[in-house]
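To start, the structure itself, in structure tokens.
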Amino acid sequence: MEYQKKSYHMEAVCGSAHYQIAAYWSRVLNKPAIKAYQASRRGIVLTANYTATQKGVKTGLALWQAKSACPDLVVVPPRMELYLQFSSMLREIYGEYTDLVEPYGCDEAWLDVTGSTALKGDEKKIADEIRSRVKKELGITVSIGISWNKIFAKLGSDYKKPDAITQFHKENYQSIVWNLPAANLLYVGRSTRTMLNRYGIKTIGKIATSDPDFLERLFGKMGLVLYSFANGWDDSPVAPEGYAAPIKSIGNSTTTPRDLTTNLDAKIIFMALSESVSARLRKHGFKCNVVSISIRDNGLYSFTRQQKLKQPTDITNEIFNAACQLFRNNYDWQ
């Protein structure tokens with residue numbers, strides 16, 4: 001199985017001019033900086049500049065953990081409206097090279113430029129031109145990965161940062177990609193990485209050369225997906241601009257501004273989330289037959305539970321009752 005189209009994965013570093021603020025603090029004051037969502041006294045790291053990363057600060061850490069690792073941390077609040085503005089301007093530039101632009105978050109996108117090379121030059125020339133234009137016109141940097149499939153293009157964009165271009169092709173991917181940590185592969189999260197480590201599979205190359213039947217026994221169908229990705233067998237096309245994938249699930253989440261301490265506290269949050277989810281179900285003409293909850297407390301203990309409903313529903317109260325029952329059955333306040 002071989003994917004013939006060339007594609008790019010592009011990533012504006014930290015997604016907006018806000019990164020430049022964090023970089024300014026790091027450069028001028030020589031201090032590590034992060035952007036973080038902070039609700040009252042609690043918060044979570046959204047992204048960190050390179051100085052902070054070198055000191056062990058990572059995306060997803062609680063703010064208190066980040067400050068423990070790095071006491072002189074500079075915290076900058078997120079500005080979502082600015083990120084979306086820059087995202088829009090980035091895609092205007094991308095659109096001058098191809099209409100095959102598939103977003104991956106607000107600051108990343110895959111571009112398939114196969115049909116543009118006759119007019120614009122080869123993929124490296126197009127990448128250089130886009131990188132130069134983004135820096136000159138928007139004042140931010142992009143790191144670019146070039147490959148014949150989306151997975152390796154994504155890896156390439158992460159390989160060198162900031163303001164760099166990396167190309168993985170069929171002659172060099174085994175010597176470079178296969179030596180990268182398994183966690184660098186798309187969809188290898190913390191629990192998957194832990195399981196792979198248990199069996200001594202610590203690099204992408206080890207995934208690629210493992211027995212696919214063994215990986216399937218460990219992870220089900222996802223094991224075969226990881227095996228294919230590690231070998232570069234991703235044949236998924238870059239979706240056209242404006243394409244919306246069919247909706248398979250609808251959800252909502254929040255970080256509360258204070259600790260929840262009672263069932264009543266939890267019920268208030270579940271009611272708000274249930275109303276949001278059920279309203280979107282009704283808007284799309286859908287009904288759900290499974291309700292799932294995900295909980296993380298202030299000690300970073302987390303779990304996800306789900307249950308199948310007796311009959312499909314879009315009614316707020318039925319979704320709310322199922323969520324509350326899941327919570328009562330699975331969370332111990334002590």
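All residue names refer to the structure tokens as shown: chains lettered A, B, ... in order, residues numbered from 1 in each chain, ligands numbered from 1 in order.
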
Env of Pro32 of chain A: 7 Å cut, atoms = only C-alpha atoms, seq-sep filter 5 positions within chain, self excluded. Answer as a list in words.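 The residues satisfying every condition are Ser26, Asn49, Thr51, Ala52, Leu73 and Val74 of chain A.
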
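Every protein, DNA or RNA residue with an atom at most 6 Å from Leu63 of chain A, where only C-alpha atoms count and chain neighbours fewer than 2 positions away do not, is listed here: A:Gly43, A:Ile44, A:Gln65, A:Ala66.
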
Nearest to Thr114 of chain A by atom-to-atom distance, counting only C-alpha atoms, from A:Gly145, A:Pro237, A:Pro181, A:Gly242: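 The shortest atom-to-atom distance to Thr114 of chain A comes from A:Pro237.
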
As an mmCIF file with N, CA and C atoms, in the first residue's frame, please: every residue in segment 56-213 of chain A that DSSP puts in strand (DSSP E).
data_model
loop_
_atom_site.group_PDB
_atom_site.id
_atom_site.type_symbol
_atom_site.label_atom_id
_atom_site.label_comp_id
_atom_site.auth_asym_id
_atom_site.auth_seq_id
_atom_site.Cartn_x
_atom_site.Cartn_y
_atom_site.Cartn_z
ATOM 1 N N VAL A 74 7.354 32.704 33.665
ATOM 2 C CA VAL A 74 6.505 33.828 33.290
ATOM 3 C C VAL A 74 5.236 33.260 32.656
ATOM 4 N N VAL A 75 4.076 33.595 33.218
ATOM 5 C CA VAL A 75 2.802 33.059 32.741
ATOM 6 C C VAL A 75 2.075 34.133 31.931
ATOM 7 N N VAL A 76 1.734 33.788 30.693
ATOM 8 C CA VAL A 76 1.025 34.711 29.813
ATOM 9 C C VAL A 76 -0.338 34.106 29.488
ATOM 10 N N VAL A 101 -6.346 21.814 1.763
ATOM 11 C CA VAL A 101 -5.809 22.293 3.035
ATOM 12 C C VAL A 101 -6.658 21.695 4.152
ATOM 13 N N GLU A 102 -6.082 20.788 4.917
ATOM 14 C CA GLU A 102 -6.812 20.100 5.989
ATOM 15 C C GLU A 102 -6.312 20.584 7.348
ATOM 16 N N PRO A 103 -7.128 21.332 8.098
ATOM 17 C CA PRO A 103 -6.680 21.833 9.403
ATOM 18 C C PRO A 103 -6.433 20.693 10.393
ATOM 19 N N GLU A 108 -2.197 24.332 12.861
ATOM 20 C CA GLU A 108 -1.547 23.324 12.032
ATOM 21 C C GLU A 108 -2.446 22.954 10.861
ATOM 22 N N ALA A 109 -1.838 22.499 9.772
ATOM 23 C CA ALA A 109 -2.624 22.057 8.625
ATOM 24 C C ALA A 109 -1.759 21.194 7.724
ATOM 25 N N TRP A 110 -2.405 20.243 7.057
ATOM 26 C CA TRP A 110 -1.769 19.506 5.976
ATOM 27 C C TRP A 110 -2.121 20.157 4.657
ATOM 28 N N LEU A 111 -1.154 20.263 3.755
ATOM 29 C CA LEU A 111 -1.395 20.743 2.402
ATOM 30 C C LEU A 111 -0.924 19.693 1.414
ATOM 31 N N VAL A 142 6.980 29.275 10.871
ATOM 32 C CA VAL A 142 6.369 27.959 10.682
ATOM 33 C C VAL A 142 7.468 26.916 10.579
ATOM 34 N N SER A 143 7.226 25.758 11.119
ATOM 35 C CA SER A 143 8.094 24.612 10.866
ATOM 36 C C SER A 143 7.325 23.688 9.939
ATOM 37 N N ILE A 144 8.012 23.146 8.955
ATOM 38 C CA ILE A 144 7.338 22.431 7.865
ATOM 39 C C ILE A 144 7.918 21.034 7.720
ATOM 40 N N GLY A 145 7.047 20.057 7.588
ATOM 41 C CA GLY A 145 7.451 18.697 7.273
ATOM 42 C C GLY A 145 6.971 18.340 5.884
ATOM 43 N N ILE A 146 7.836 17.703 5.096
ATOM 44 C CA ILE A 146 7.490 17.286 3.732
ATOM 45 C C ILE A 146 7.623 15.771 3.661
ATOM 46 N N SER A 147 6.593 15.114 3.158
ATOM 47 C CA SER A 147 6.686 13.670 2.971
ATOM 48 C C SER A 147 5.628 13.218 1.985
ATOM 49 N N ILE A 165 12.584 23.407 7.914
ATOM 50 C CA ILE A 165 11.935 22.500 6.967
ATOM 51 C C ILE A 165 12.634 21.151 7.056
ATOM 52 N N THR A 166 11.869 20.089 7.208
ATOM 53 C CA THR A 166 12.407 18.733 7.252
ATOM 54 C C THR A 166 11.691 17.880 6.222
ATOM 55 N N GLN A 167 12.441 17.123 5.439
ATOM 56 C CA GLN A 167 11.837 16.262 4.423
ATOM 57 C C GLN A 167 12.164 14.806 4.716
#

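Of the listed residues (A:Ile293, A:Leu215, A:Met80, A:Val188), A:Ile293 comes nearest to Ser253 of chain A; the distances count only C-alpha atoms.
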
Close residues, Ser276 of chain A itself excluded, 12 Å, only C-alpha atoms, min 6 positions apart in chain, as a list in words: Ile250, Gly251, Asn252, Ser253, Thr254, Ile269, Phe270, Arg282, Lys283, Asp314, Ile315, Thr316, Asn317, Ile319 and Phe320 of chain A

When you look at segment 116-121 of chain A with a cut-off of 9 Å (counting only C-alpha atoms), what residues show up, excluding the ones that are within fewer than 4 positions of it in the same chain? I need them as a PyMOL selection string. chain A and resi 97-98+112+125-126

Restricting the output to all heavy atoms, write the selected residues as a compact mmCIF listing (two decimals), in the first residue's frame.
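part-v7.txt written:
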# COMPACT_ATOMS: atom_id res chain seq x y z
N TYR A 97 -1.66 28.24 -2.78
CA TYR A 97 -0.84 27.16 -3.34
C TYR A 97 -1.65 25.89 -3.62
O TYR A 97 -1.27 25.10 -4.47
CB TYR A 97 0.31 26.84 -2.37
CG TYR A 97 1.25 28.00 -2.21
CD1 TYR A 97 0.99 29.00 -1.26
CD2 TYR A 97 2.37 28.14 -3.02
CE1 TYR A 97 1.84 30.09 -1.13
CE2 TYR A 97 3.22 29.24 -2.89
CZ TYR A 97 2.94 30.21 -1.95
OH TYR A 97 3.77 31.30 -1.83
N THR A 98 -2.74 25.72 -2.92
CA THR A 98 -3.59 24.53 -3.13
C THR A 98 -4.92 24.72 -2.43
O THR A 98 -5.01 25.47 -1.45
CB THR A 98 -2.91 23.25 -2.60
OG1 THR A 98 -3.78 22.13 -2.78
CG2 THR A 98 -2.57 23.37 -1.13
N ASP A 112 -1.73 19.39 0.43
CA ASP A 112 -1.31 18.52 -0.67
C ASP A 112 -1.03 19.42 -1.87
O ASP A 112 -1.96 20.02 -2.43
CB ASP A 112 -2.40 17.50 -0.99
CG ASP A 112 -1.94 16.49 -2.03
OD1 ASP A 112 -0.97 16.79 -2.77
OD2 ASP A 112 -2.54 15.41 -2.13
N LYS A 125 10.71 23.97 -2.87
CA LYS A 125 10.62 25.38 -3.25
C LYS A 125 9.34 26.01 -2.70
O LYS A 125 9.34 27.13 -2.20
CB LYS A 125 10.66 25.52 -4.78
CG LYS A 125 10.63 26.97 -5.24
CD LYS A 125 10.73 27.07 -6.75
CE LYS A 125 10.68 28.53 -7.19
NZ LYS A 125 10.75 28.67 -8.68
N ILE A 126 8.23 25.26 -2.80
CA ILE A 126 6.96 25.76 -2.27
C ILE A 126 7.06 25.96 -0.76
O ILE A 126 6.60 26.98 -0.22
CB ILE A 126 5.81 24.80 -2.62
CG1 ILE A 126 5.56 24.81 -4.14
CG2 ILE A 126 4.54 25.17 -1.87
CD1 ILE A 126 4.53 23.78 -4.59

Which parts of segment 116-295 of chain A does DSSP call helix (DSSP H, G or I) when run on the backbone here, written out as a PyMOL selection string? chain A and resi 116-120+123-138+150-159+173-179+182-184+190-198+204-208+212-219+221-230+263-284

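For Thr203 of chain A, the residues within 10 Å (counting only C-alpha atoms, excluding itself and residues fewer than 5 positions away along the chain) are Val177, Trp178, Asn179, Leu180, Pro181, Ala182, Ala183, Asn184, Leu185, Arg193, Leu196, Asn197, Ala208 and Ala230 of chain A.
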
Hey, what's within 9 Å of segment 265-267 of chain A if we count only C-alpha atoms and toss same-chain stuff fewer than 4 positions away? As a list in words, please?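 So, after excluding close chain neighbours, the residues are Asp259, Leu260, Thr261, Met271, Ala272, Phe320, Ala323, Cys324 and Phe327 of chain A.
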
Report the closest atom pair, with its distance in Å rounded to one decimal, for each residue of segment 207-237 of chain A that has an atom no farther than 12 Å from segment 154-160 of chain A; count only C-alpha atoms, sort by chain and then rising residue number, and write it as CSV.
residue,atom,partner,partner_atom,distance
A:Phe229,CA,A:Leu155,CA,10.8
A:Ala230,CA,A:Leu155,CA,10.7
A:Gly232,CA,A:Leu155,CA,11.0
A:Asp234,CA,A:Lys154,CA,11.8

Those residues you just picked out, can you put them in a file as a compact mmCIF listing (two decimals), in the first residue's frame with all heavy atoms?
# COMPACT_ATOMS: atom_id res chain seq x y z
N PHE A 229 1.31 3.20 10.35
CA PHE A 229 1.87 4.56 10.42
C PHE A 229 3.40 4.51 10.53
O PHE A 229 4.10 5.29 9.89
CB PHE A 229 1.29 5.30 11.63
CG PHE A 229 -0.12 5.78 11.43
CD1 PHE A 229 -0.79 6.44 12.45
CD2 PHE A 229 -0.79 5.59 10.23
CE1 PHE A 229 -2.08 6.92 12.27
CE2 PHE A 229 -2.08 6.05 10.04
CZ PHE A 229 -2.73 6.72 11.07
N ALA A 230 3.91 3.62 11.38
CA ALA A 230 5.36 3.53 11.58
C ALA A 230 6.08 3.14 10.30
O ALA A 230 7.23 3.52 10.08
CB ALA A 230 5.67 2.53 12.69
N GLY A 232 4.99 4.04 7.32
CA GLY A 232 4.68 5.01 6.28
C GLY A 232 3.56 4.59 5.37
O GLY A 232 3.45 5.08 4.24
N ASP A 234 0.39 5.26 5.29
CA ASP A 234 -0.80 6.09 5.46
C ASP A 234 -1.27 6.56 4.09
O ASP A 234 -0.57 7.29 3.41
CB ASP A 234 -0.47 7.30 6.34
CG ASP A 234 -1.60 8.31 6.38
OD1 ASP A 234 -2.77 7.90 6.34
OD2 ASP A 234 -1.31 9.52 6.43

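Closest approach to Thr255 of chain A among A:Leu224, A:Ala62, A:Ala279, A:Ala69: A:Ala62, based on only C-alpha atoms.
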
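Here atom CA of Phe303 of chain A and atom CA of Leu326 of chain A stand 11.1 Å from one another.
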